[in-house]
$ cat structure.cif   # mmCIF, C-alpha atoms
data_my_file
#
loop_
_atom_site.label_atom_id
_atom_site.label_comp_id
_atom_site.auth_asym_id
_atom_site.auth_seq_id
_atom_site.Cartn_x
_atom_site.Cartn_y
_atom_site.Cartn_z
CA MET B 1 28.49 -13.90 12.03
CA LYS B 2 26.25 -10.86 11.64
CA HIS B 3 22.77 -10.66 13.15
CA ALA B 4 19.81 -8.96 11.51
CA VAL B 5 16.28 -8.23 12.69
CA ILE B 6 13.71 -7.91 9.92
CA THR B 7 10.15 -6.89 10.70
CA GLY B 8 7.39 -7.75 8.27
CA GLY B 9 9.67 -10.52 7.01
CA ALA B 10 7.12 -13.28 6.63
CA ASN B 11 5.91 -12.16 3.21
CA GLY B 12 6.52 -9.75 0.36
CA ILE B 13 9.51 -7.41 0.37
CA GLY B 14 10.58 -8.42 3.85
CA ALA B 15 10.66 -12.11 2.94
CA ALA B 16 12.82 -11.40 -0.12
CA ILE B 17 15.28 -9.48 2.07
CA VAL B 18 15.36 -12.29 4.62
CA GLN B 19 16.09 -14.84 1.91
CA ALA B 20 19.00 -12.76 0.58
CA LEU B 21 20.51 -12.10 4.01
CA HIS B 22 20.13 -15.73 5.03
CA ALA B 23 21.87 -16.83 1.82
CA ASP B 24 24.76 -14.48 2.69
CA GLY B 25 25.21 -16.20 6.06
CA VAL B 26 23.53 -13.54 8.19
CA GLU B 27 21.63 -14.92 11.19
CA CYS B 28 18.12 -13.51 10.87
CA ALA B 29 15.31 -12.91 13.34
CA VAL B 30 12.04 -12.28 11.53
CA VAL B 31 9.26 -10.42 13.32
CA ASP B 32 5.75 -10.58 11.94
CA ILE B 33 2.17 -10.78 13.08
CA GLN B 34 2.00 -14.36 11.79
CA PRO B 35 4.56 -16.98 10.74
CA PRO B 36 5.43 -17.36 7.05
CA PRO B 37 3.83 -20.05 4.87
CA ALA B 38 7.26 -21.61 4.23
CA PRO B 39 9.75 -20.89 7.05
CA LEU B 40 13.43 -20.92 6.14
CA PRO B 41 15.52 -23.43 8.12
CA GLY B 42 17.84 -21.66 10.53
CA VAL B 43 15.84 -18.42 10.63
CA HIS B 44 14.31 -17.34 13.95
CA TYR B 45 10.63 -16.36 13.64
CA ILE B 46 9.00 -14.17 16.28
CA VAL B 47 5.24 -13.64 16.23
CA ALA B 48 4.52 -10.14 17.49
CA ASP B 49 2.24 -7.19 16.75
CA ILE B 50 4.66 -4.27 16.72
CA ALA B 51 1.74 -1.82 16.93
CA THR B 52 1.15 -2.68 20.59
CA PRO B 53 3.28 -2.45 23.76
CA ALA B 54 2.62 -6.16 24.39
CA GLY B 55 3.88 -6.93 20.89
CA ILE B 56 7.11 -5.04 21.54
CA GLU B 57 7.58 -7.13 24.68
CA ASP B 58 6.99 -10.25 22.58
CA LEU B 59 9.63 -9.00 20.15
CA LEU B 60 12.21 -8.46 22.88
CA GLY B 61 11.41 -11.81 24.47
CA GLY B 62 11.88 -13.52 21.13
CA LEU B 63 15.24 -11.85 20.56
CA GLU B 64 16.34 -12.89 24.03
CA LYS B 65 15.32 -16.48 23.36
CA ALA B 66 17.14 -16.46 20.02
CA GLY B 67 20.32 -15.13 21.64
CA PHE B 68 20.29 -11.81 19.78
CA ASP B 69 22.12 -9.86 22.47
CA GLN B 70 23.74 -7.75 19.78
CA VAL B 71 22.32 -6.76 16.40
CA ASP B 72 24.19 -5.54 13.33
CA HIS B 73 21.19 -4.68 11.15
CA LEU B 74 17.59 -3.62 11.67
CA VAL B 75 15.36 -3.65 8.59
CA HIS B 76 11.87 -2.46 9.41
CA CYS B 77 9.39 -3.42 6.68
CA ALA B 78 6.21 -4.05 8.71
CA ALA B 79 3.28 -1.89 7.58
CA ILE B 80 -0.41 -1.91 6.78
CA LEU B 81 -2.43 -0.04 4.17
CA HIS B 82 -5.87 1.55 4.30
CA HIS B 83 -7.42 2.88 1.11
CA GLY B 84 -10.41 5.19 1.27
CA PRO B 85 -11.49 8.84 0.99
CA PHE B 86 -10.69 11.14 3.90
CA ARG B 87 -14.34 12.14 4.43
CA ASP B 88 -15.48 8.54 4.88
CA THR B 89 -12.58 6.98 6.81
CA LYS B 90 -13.42 6.10 10.39
CA ARG B 91 -11.11 7.36 13.09
CA GLU B 92 -10.25 3.86 14.26
CA ASP B 93 -9.12 2.97 10.73
CA TRP B 94 -6.71 5.87 10.26
CA GLU B 95 -5.49 5.58 13.84
CA ARG B 96 -4.62 1.92 13.21
CA VAL B 97 -2.52 2.89 10.18
CA ILE B 98 -0.67 5.63 12.08
CA ARG B 99 -0.18 3.36 15.07
CA THR B 100 1.29 0.53 13.00
CA ASN B 101 3.27 2.40 10.36
CA LEU B 102 4.64 5.34 12.34
CA GLU B 103 4.34 4.58 16.03
CA GLY B 104 5.33 0.97 15.38
CA THR B 105 8.45 2.12 13.54
CA ILE B 106 9.49 4.34 16.43
CA ALA B 107 8.71 1.67 19.02
CA VAL B 108 10.69 -1.03 17.21
CA ALA B 109 13.71 1.23 16.74
CA GLN B 110 13.67 2.33 20.37
CA ALA B 111 13.31 -1.24 21.64
CA ILE B 112 16.12 -2.68 19.54
CA LEU B 113 18.54 0.26 19.64
CA PRO B 114 20.27 -0.87 22.89
CA ARG B 115 21.27 -4.07 21.06
CA ILE B 116 22.59 -2.43 17.90
CA LYS B 117 26.36 -2.49 17.64
CA ARG B 118 28.51 0.54 17.02
CA GLY B 119 28.67 0.92 13.25
CA GLY B 120 25.32 -0.85 12.84
CA ARG B 121 22.74 -0.21 10.17
CA ILE B 122 19.06 0.74 10.38
CA VAL B 123 16.94 0.66 7.22
CA LEU B 124 13.34 1.84 7.44
CA PHE B 125 10.64 1.73 4.78
CA ALA B 126 8.60 4.69 3.56
CA SER B 127 6.77 4.87 0.24
CA GLY B 128 6.88 6.71 -3.05
CA THR B 129 3.36 7.90 -2.24
CA VAL B 130 4.94 10.44 0.14
CA PHE B 131 6.23 12.36 -2.87
CA LYS B 132 3.05 12.00 -4.93
CA GLY B 133 0.24 12.46 -2.41
CA PRO B 134 -2.33 10.20 -4.08
CA LYS B 135 -5.97 10.43 -3.12
CA ASN B 136 -7.56 7.95 -0.73
CA MET B 137 -4.28 7.13 1.05
CA PHE B 138 -3.94 10.02 3.50
CA ALA B 139 -3.20 7.98 6.63
CA TYR B 140 -0.66 5.75 4.94
CA VAL B 141 1.10 8.70 3.31
CA ALA B 142 1.10 10.74 6.52
CA ALA B 143 2.60 7.84 8.47
CA LYS B 144 5.27 7.15 5.86
CA ALA B 145 6.18 10.84 5.68
CA GLY B 146 6.60 10.65 9.44
CA VAL B 147 9.00 7.72 9.01
CA ILE B 148 11.22 9.86 6.79
CA GLY B 149 11.26 12.69 9.33
CA PHE B 150 11.96 10.26 12.16
CA ALA B 151 14.86 8.69 10.24
CA ARG B 152 16.49 12.07 9.68
CA CYS B 153 16.35 12.91 13.38
CA LEU B 154 17.53 9.45 14.43
CA ALA B 155 20.44 9.59 11.98
CA GLU B 156 21.62 12.80 13.64
CA GLU B 157 21.37 11.29 17.12
CA LEU B 158 23.18 8.06 16.26
CA GLY B 159 26.01 9.53 14.22
CA ASP B 160 28.45 9.52 17.14
CA ASP B 161 28.02 5.73 17.32
CA GLU B 162 28.54 5.42 13.55
CA ILE B 163 25.09 3.84 13.25
CA THR B 164 23.50 4.79 9.94
CA VAL B 165 19.77 5.32 9.48
CA ASN B 166 18.35 5.36 5.97
CA VAL B 167 14.99 4.91 4.29
CA VAL B 168 13.87 3.02 1.21
CA ALA B 169 10.78 4.35 -0.58
CA PRO B 170 9.34 1.76 -2.97
CA GLY B 171 6.73 2.37 -5.59
CA ILE B 172 3.74 0.03 -5.86
CA THR B 173 5.24 -3.44 -5.60
CA ALA B 174 3.58 -6.78 -6.34
CA THR B 175 2.84 -7.98 -2.80
CA GLY B 176 -0.30 -8.98 -0.95
CA MET B 177 -0.53 -5.53 0.62
CA ILE B 178 -1.54 -3.82 -2.63
CA LYS B 179 -4.71 -5.83 -3.26
CA ASP B 180 -6.91 -2.84 -2.35
CA ILE B 181 -5.12 -0.55 -4.81
CA ALA B 182 -4.42 -3.06 -7.58
CA ASP B 183 -6.52 -1.00 -9.99
CA THR B 184 -3.97 1.84 -9.77
CA GLU B 185 -0.96 -0.29 -10.70
CA ASP B 186 -1.17 0.15 -14.48
CA ALA B 187 -1.19 3.94 -14.18
CA ASN B 188 1.73 3.75 -11.77
CA ILE B 189 3.73 1.59 -14.18
CA ALA B 190 2.99 4.06 -16.97
CA SER B 191 4.52 6.83 -14.84
CA ARG B 192 7.86 5.02 -14.58
CA ALA B 193 10.93 5.40 -16.74
CA LEU B 194 11.29 1.61 -16.44
CA ARG B 195 7.79 0.58 -17.44
CA ARG B 196 7.33 -2.77 -15.78
CA ARG B 197 5.83 -4.22 -12.65
CA ALA B 198 7.91 -3.95 -9.47
CA VAL B 199 8.55 -7.18 -7.56
CA PRO B 200 9.96 -7.66 -4.04
CA GLU B 201 13.36 -8.70 -5.41
CA ASP B 202 13.76 -5.18 -6.85
CA LEU B 203 14.15 -3.88 -3.31
CA VAL B 204 16.74 -6.40 -2.15
CA GLY B 205 19.80 -4.84 -3.81
CA PRO B 206 19.19 -1.32 -2.50
CA VAL B 207 18.63 -2.63 1.03
CA LEU B 208 21.77 -4.78 0.94
CA PHE B 209 23.71 -1.74 -0.24
CA LEU B 210 22.47 0.35 2.69
CA LEU B 211 23.45 -2.46 5.07
CA SER B 212 26.92 -2.78 3.56
CA ASP B 213 30.24 -1.08 4.29
CA ALA B 214 29.85 0.68 0.94
CA ALA B 215 27.12 2.85 2.53
CA ALA B 216 29.07 3.62 5.72
CA PHE B 217 29.10 7.38 4.95
CA MET B 218 25.42 7.57 3.95
CA THR B 219 22.83 8.37 6.59
CA GLY B 220 19.58 10.28 6.97
CA GLN B 221 18.76 9.67 3.31
CA THR B 222 15.69 8.40 1.49
CA LEU B 223 16.27 6.21 -1.54
CA SER B 224 13.42 5.98 -4.05
CA VAL B 225 13.22 2.56 -5.70
CA ASP B 226 10.31 2.80 -8.09
CA GLY B 227 11.59 2.48 -11.64
CA GLY B 228 11.92 6.23 -12.01
CA SER B 229 8.34 7.19 -11.21
CA VAL B 230 9.64 9.78 -8.73
CA LYS B 231 12.71 11.70 -9.89
CA ARG B 232 14.36 14.00 -7.37
#

$ encode --input "structure.cif" --output "structure tokens"
Amino acid sequence: MKHAVITGGANGIGAAIVQALHADGVECAVVDIQPPPAPLPGVHYIVADIATPAGIEDLLGGLEKAGFDQVDHLVHCAAILHHGPFRDTKREDWERVIRTNLEGTIAVAQAILPRIKRGGRIVLFASGTVFKGPKNMFAYVAAKAGVIGFARCLAEELGDDEITVNVVAPGITATGMIKDIADTEDANIASRALRRRAVPEDLVGPVLFLLSDAAAFMTGQTLSVDGGSVKR
């Protein structure tokens, strides 16, 4: 049986990935700042704030308790969003975004790496905003751009262990996180080749591909999954 750790798996995209992996017989440990509204039977839920050193300790303690001595897959979805103009954003607000979205990504990967098997898979999440640079999202975009750079470096370091590191960059997706930018969704949909709303299930297939043997020779890459809004 394979073992997967999914951060941010209590809701949204992460929850959809957990459901798919669980259905495929993968034993899942879900890490989130709060438990999900409807826990899946047989899934291990770990409450931890990955933006803090104490939260990383909570994560490791939870994995130990769940018996996750070895991990096949790490899918890191956890993130927060702040929307506001650069001139008016308080330092503590943009620092919180950087700390959660970039520093948290690095901390989670470093904490779990000793448990990841040879030939394992790491999938991180960036955002299509990295390639567009929209206004009022500077901290989020900067952090997610950092995730892409981090993944490229980590892929190079882990190649000798045949551990792949790839990134998924969604467009605006219908989750609770986008409530502050909901007024931009129609324009985003209009920019897509596939002009419809994105839902969490749209990200499941690409993530499962990156976790599969079919992607064994793919690493250090960023896959845009946004209906063709970004073409590169």

$ atom_distance --input "structure.cif" --atom1 "CA of Arg121 in chain B" --atom2 "CA of Gly171 in chain B"
22.6 Å

$ closest_residue --input "structure.cif" --among "B:Pro85, B:Cys77, B:Val47, B:Leu59" --to "Val207 in chain B" --atoms "all atoms listed in the file"
B:Cys77

$ resolve_selection --input "structure.cif" --expression "the PyMOL selection byres ((chain B and resi 194) around 9)" --output "PyMOL selection string"
chain B and resi 189-193+195-197+226-229

$ write_last_selection --input "structure.cif" --atoms "C-alpha atoms" --output "compact mmCIF listing (two decimals), in the frame of the given file"
# COMPACT_ATOMS: atom_id res chain seq x y z
CA ILE B 189 3.73 1.59 -14.18
CA ALA B 190 2.99 4.06 -16.97
CA SER B 191 4.52 6.83 -14.84
CA ARG B 192 7.86 5.02 -14.58
CA ALA B 193 10.93 5.40 -16.74
CA ARG B 195 7.79 0.58 -17.44
CA ARG B 196 7.33 -2.77 -15.78
CA ARG B 197 5.83 -4.22 -12.65
CA ASP B 226 10.31 2.80 -8.09
CA GLY B 227 11.59 2.48 -11.64
CA GLY B 228 11.92 6.23 -12.01
CA SER B 229 8.34 7.19 -11.21

$ resolve_selection --input "structure.cif" --expression "the PyMOL selection byres ((chain B and resi 147-158) around 8)" --output "VMD selection string"
chain B and resid 101 to 102 105 to 106 124 to 126 143 to 146 159 to 167 219 to 222

$ residues_around --input "structure.cif" --residues "Thr7 in chain B" --least-positions-apart "6" --cutoff "6 Å" --atoms "only C-alpha atoms" --output "list in words"
Val30, Val31, Asp32, His76, Cys77 and Ala78 of chain B

$ closest_residue --input "structure.cif" --among "B:Ala187, B:Ala139, B:Val43, B:Ile33" --to "Ala4 in chain B" --atoms "all atoms listed in the file"
B:Val43

$ resolve_selection --input "structure.cif" --expression "the PyMOL selection byres ((chain B and resi 89-96) around 10)" --output "PDB file with C-alpha atoms, in the frame of the given file"
ATOM      1  CA  ALA B  51       1.740  -1.820  16.930  1.00  0.00           C
ATOM      2  CA  ILE B  80      -0.410  -1.910   6.780  1.00  0.00           C
ATOM      3  CA  LEU B  81      -2.430  -0.040   4.170  1.00  0.00           C
ATOM      4  CA  HIS B  82      -5.870   1.550   4.300  1.00  0.00           C
ATOM      5  CA  HIS B  83      -7.420   2.880   1.110  1.00  0.00           C
ATOM      6  CA  GLY B  84     -10.410   5.190   1.270  1.00  0.00           C
ATOM      7  CA  PRO B  85     -11.490   8.840   0.990  1.00  0.00           C
ATOM      8  CA  PHE B  86     -10.690  11.140   3.900  1.00  0.00           C
ATOM      9  CA  ARG B  87     -14.340  12.140   4.430  1.00  0.00           C
ATOM     10  CA  ASP B  88     -15.480   8.540   4.880  1.00  0.00           C
ATOM     11  CA  VAL B  97      -2.520   2.890  10.180  1.00  0.00           C
ATOM     12  CA  ILE B  98      -0.670   5.630  12.080  1.00  0.00           C
ATOM     13  CA  ARG B  99      -0.180   3.360  15.070  1.00  0.00           C
ATOM     14  CA  THR B 100       1.290   0.530  13.000  1.00  0.00           C
ATOM     15  CA  ASN B 101       3.270   2.400  10.360  1.00  0.00           C
ATOM     16  CA  LEU B 102       4.640   5.340  12.340  1.00  0.00           C
ATOM     17  CA  GLU B 103       4.340   4.580  16.030  1.00  0.00           C
ATOM     18  CA  ASN B 136      -7.560   7.950  -0.730  1.00  0.00           C
ATOM     19  CA  MET B 137      -4.280   7.130   1.050  1.00  0.00           C
ATOM     20  CA  PHE B 138      -3.940  10.020   3.500  1.00  0.00           C
ATOM     21  CA  ALA B 139      -3.200   7.980   6.630  1.00  0.00           C
ATOM     22  CA  TYR B 140      -0.660   5.750   4.940  1.00  0.00           C
ATOM     23  CA  ALA B 142       1.100  10.740   6.520  1.00  0.00           C
ATOM     24  CA  ALA B 143       2.600   7.840   8.470  1.00  0.00           C
TER      25      ALA B 143
END

$ atom_distance --input "structure.cif" --atom1 "CA of Gly14 in chain B" --atom2 "CA of Leu210 in chain B"
14.8 Å

$ closest_residue --input "structure.cif" --among "B:His44, B:Ile13, B:Leu60, B:Met1" --to "Asp202 in chain B" --atoms "all atoms listed in the file"
B:Ile13

$ residues_around --input "structure.cif" --residues "range 172-176 of chain B" --least-positions-apart "2" --cutoff "10 Å" --atoms "only C-alpha atoms" --output "compact mmCIF listing (two decimals) with C-alpha atoms, keeping the file's coordinate frame"
# COMPACT_ATOMS: atom_id res chain seq x y z
CA ASN B 11 5.91 -12.16 3.21
CA GLY B 12 6.52 -9.75 0.36
CA ILE B 13 9.51 -7.41 0.37
CA SER B 127 6.77 4.87 0.24
CA GLY B 128 6.88 6.71 -3.05
CA THR B 129 3.36 7.90 -2.24
CA ALA B 169 10.78 4.35 -0.58
CA PRO B 170 9.34 1.76 -2.97
CA ILE B 178 -1.54 -3.82 -2.63
CA LYS B 179 -4.71 -5.83 -3.26
CA ASP B 180 -6.91 -2.84 -2.35
CA ILE B 181 -5.12 -0.55 -4.81
CA ALA B 182 -4.42 -3.06 -7.58
CA THR B 184 -3.97 1.84 -9.77
CA GLU B 185 -0.96 -0.29 -10.70
CA ASP B 186 -1.17 0.15 -14.48
CA ASN B 188 1.73 3.75 -11.77
CA ILE B 189 3.73 1.59 -14.18
CA ARG B 197 5.83 -4.22 -12.65
CA ALA B 198 7.91 -3.95 -9.47
CA VAL B 199 8.55 -7.18 -7.56
CA PRO B 200 9.96 -7.66 -4.04
CA GLU B 201 13.36 -8.70 -5.41
CA ASP B 202 13.76 -5.18 -6.85
CA LEU B 203 14.15 -3.88 -3.31
CA VAL B 225 13.22 2.56 -5.70
CA ASP B 226 10.31 2.80 -8.09

$ closest_residue --input "structure.cif" --among "B:Ile122, B:Val204, B:Ile56, B:Leu63" --to "Met218 in chain B" --atoms "all atoms listed in the file"
B:Ile122

$ closest_residue --input "structure.cif" --among "B:Glu57, B:Phe68, B:Phe131, B:Ala79" --to "Ile116 in chain B" --atoms "all atoms listed in the file"
B:Phe68

$ atom_distance --input "structure.cif" --atom1 "CA of Val168 in chain B" --atom2 "CA of Pro39 in chain B"
25.0 Å

$ closest_residue --input "structure.cif" --among "B:Leu208, B:Ala111, B:Ile46, B:Val130" --to "Gly9 in chain B" --atoms "only C-alpha atoms"
B:Ile46

$ decode --input "structure.cif" --residues "range 193-215 of chain B" --atoms "N, CA, C and O atoms" --output "PDB file, in the first residue's frame"
ATOM      1  N   ALA B 193      -9.214  29.362 -23.131  1.00  0.00           N
ATOM      2  CA  ALA B 193      -9.661  28.688 -24.342  1.00  0.00           C
ATOM      3  C   ALA B 193     -10.889  27.832 -24.039  1.00  0.00           C
ATOM      4  O   ALA B 193     -11.807  27.717 -24.861  1.00  0.00           O
ATOM      5  N   LEU B 194     -10.911  27.231 -22.846  1.00  0.00           N
ATOM      6  CA  LEU B 194     -12.065  26.470 -22.378  1.00  0.00           C
ATOM      7  C   LEU B 194     -12.834  27.369 -21.416  1.00  0.00           C
ATOM      8  O   LEU B 194     -12.480  27.493 -20.253  1.00  0.00           O
ATOM      9  N   ARG B 195     -13.865  28.017 -21.927  1.00  0.00           N
ATOM     10  CA  ARG B 195     -14.505  29.111 -21.188  1.00  0.00           C
ATOM     11  C   ARG B 195     -15.574  28.597 -20.228  1.00  0.00           C
ATOM     12  O   ARG B 195     -16.780  28.715 -20.480  1.00  0.00           O
ATOM     13  N   ARG B 196     -15.087  28.057 -19.133  1.00  0.00           N
ATOM     14  CA  ARG B 196     -15.994  27.623 -18.065  1.00  0.00           C
ATOM     15  C   ARG B 196     -15.278  27.775 -16.736  1.00  0.00           C
ATOM     16  O   ARG B 196     -14.060  27.992 -16.661  1.00  0.00           O
ATOM     17  N   ARG B 197     -16.056  27.658 -15.684  1.00  0.00           N
ATOM     18  CA  ARG B 197     -15.516  27.748 -14.336  1.00  0.00           C
ATOM     19  C   ARG B 197     -14.649  26.528 -14.025  1.00  0.00           C
ATOM     20  O   ARG B 197     -14.989  25.399 -14.401  1.00  0.00           O
ATOM     21  N   ALA B 198     -13.534  26.737 -13.348  1.00  0.00           N
ATOM     22  CA  ALA B 198     -12.690  25.638 -12.899  1.00  0.00           C
ATOM     23  C   ALA B 198     -13.167  25.154 -11.540  1.00  0.00           C
ATOM     24  O   ALA B 198     -13.502  25.957 -10.665  1.00  0.00           O
ATOM     25  N   VAL B 199     -13.190  23.838 -11.370  1.00  0.00           N
ATOM     26  CA  VAL B 199     -13.594  23.230 -10.101  1.00  0.00           C
ATOM     27  C   VAL B 199     -12.442  22.361  -9.600  1.00  0.00           C
ATOM     28  O   VAL B 199     -11.556  21.993 -10.370  1.00  0.00           O
ATOM     29  N   PRO B 200     -12.422  22.058  -8.302  1.00  0.00           N
ATOM     30  CA  PRO B 200     -11.298  21.282  -7.754  1.00  0.00           C
ATOM     31  C   PRO B 200     -11.015  19.984  -8.489  1.00  0.00           C
ATOM     32  O   PRO B 200      -9.843  19.590  -8.645  1.00  0.00           O
ATOM     33  N   GLU B 201     -12.064  19.319  -8.978  1.00  0.00           N
ATOM     34  CA  GLU B 201     -11.870  18.042  -9.677  1.00  0.00           C
ATOM     35  C   GLU B 201     -11.038  18.190 -10.947  1.00  0.00           C
ATOM     36  O   GLU B 201     -10.446  17.205 -11.418  1.00  0.00           O
ATOM     37  N   ASP B 202     -10.962  19.411 -11.506  1.00  0.00           N
ATOM     38  CA  ASP B 202     -10.139  19.633 -12.696  1.00  0.00           C
ATOM     39  C   ASP B 202      -8.651  19.453 -12.417  1.00  0.00           C
ATOM     40  O   ASP B 202      -7.862  19.226 -13.335  1.00  0.00           O
ATOM     41  N   LEU B 203      -8.271  19.560 -11.150  1.00  0.00           N
ATOM     42  CA  LEU B 203      -6.855  19.433 -10.796  1.00  0.00           C
ATOM     43  C   LEU B 203      -6.466  18.013 -10.435  1.00  0.00           C
ATOM     44  O   LEU B 203      -5.267  17.693 -10.362  1.00  0.00           O
ATOM     45  N   VAL B 204      -7.435  17.158 -10.213  1.00  0.00           N
ATOM     46  CA  VAL B 204      -7.139  15.806  -9.729  1.00  0.00           C
ATOM     47  C   VAL B 204      -6.350  15.002 -10.755  1.00  0.00           C
ATOM     48  O   VAL B 204      -5.319  14.393 -10.432  1.00  0.00           O
ATOM     49  N   GLY B 205      -6.813  14.965 -11.991  1.00  0.00           N
ATOM     50  CA  GLY B 205      -6.142  14.176 -13.028  1.00  0.00           C
ATOM     51  C   GLY B 205      -4.680  14.563 -13.222  1.00  0.00           C
ATOM     52  O   GLY B 205      -3.802  13.693 -13.229  1.00  0.00           O
ATOM     53  N   PRO B 206      -4.383  15.849 -13.388  1.00  0.00           N
ATOM     54  CA  PRO B 206      -2.980  16.247 -13.528  1.00  0.00           C
ATOM     55  C   PRO B 206      -2.110  15.846 -12.332  1.00  0.00           C
ATOM     56  O   PRO B 206      -0.969  15.423 -12.505  1.00  0.00           O
ATOM     57  N   VAL B 207      -2.651  15.978 -11.122  1.00  0.00           N
ATOM     58  CA  VAL B 207      -1.869  15.582  -9.943  1.00  0.00           C
ATOM     59  C   VAL B 207      -1.636  14.078  -9.932  1.00  0.00           C
ATOM     60  O   VAL B 207      -0.517  13.610  -9.695  1.00  0.00           O
ATOM     61  N   LEU B 208      -2.673  13.290 -10.216  1.00  0.00           N
ATOM     62  CA  LEU B 208      -2.508  11.841 -10.244  1.00  0.00           C
ATOM     63  C   LEU B 208      -1.500  11.419 -11.305  1.00  0.00           C
ATOM     64  O   LEU B 208      -0.735  10.464 -11.108  1.00  0.00           O
ATOM     65  N   PHE B 209      -1.491  12.116 -12.423  1.00  0.00           N
ATOM     66  CA  PHE B 209      -0.488  11.838 -13.454  1.00  0.00           C
ATOM     67  C   PHE B 209       0.921  12.068 -12.913  1.00  0.00           C
ATOM     68  O   PHE B 209       1.816  11.223 -13.071  1.00  0.00           O
ATOM     69  N   LEU B 210       1.141  13.200 -12.264  1.00  0.00           N
ATOM     70  CA  LEU B 210       2.475  13.513 -11.742  1.00  0.00           C
ATOM     71  C   LEU B 210       2.910  12.548 -10.644  1.00  0.00           C
ATOM     72  O   LEU B 210       4.113  12.359 -10.418  1.00  0.00           O
ATOM     73  N   LEU B 211       1.948  11.934  -9.963  1.00  0.00           N
ATOM     74  CA  LEU B 211       2.267  10.945  -8.932  1.00  0.00           C
ATOM     75  C   LEU B 211       2.496   9.553  -9.510  1.00  0.00           C
ATOM     76  O   LEU B 211       3.003   8.669  -8.815  1.00  0.00           O
ATOM     77  N   SER B 212       2.147   9.360 -10.761  1.00  0.00           N
ATOM     78  CA  SER B 212       2.140   8.023 -11.351  1.00  0.00           C
ATOM     79  C   SER B 212       3.488   7.651 -11.966  1.00  0.00           C
ATOM     80  O   SER B 212       4.371   8.491 -12.167  1.00  0.00           O
ATOM     81  N   ASP B 213       3.622   6.373 -12.315  1.00  0.00           N
ATOM     82  CA  ASP B 213       4.821   5.903 -13.006  1.00  0.00           C
ATOM     83  C   ASP B 213       4.944   6.528 -14.386  1.00  0.00           C
ATOM     84  O   ASP B 213       6.047   6.606 -14.938  1.00  0.00           O
ATOM     85  N   ALA B 214       3.819   6.965 -14.960  1.00  0.00           N
ATOM     86  CA  ALA B 214       3.850   7.580 -16.285  1.00  0.00           C
ATOM     87  C   ALA B 214       4.652   8.877 -16.296  1.00  0.00           C
ATOM     88  O   ALA B 214       5.133   9.314 -17.351  1.00  0.00           O
ATOM     89  N   ALA B 215       4.819   9.503 -15.121  1.00  0.00           N
ATOM     90  CA  ALA B 215       5.571  10.761 -15.026  1.00  0.00           C
ATOM     91  C   ALA B 215       6.944  10.558 -14.394  1.00  0.00           C
ATOM     92  O   ALA B 215       7.544  11.505 -13.882  1.00  0.00           O
TER      93      ALA B 215
END
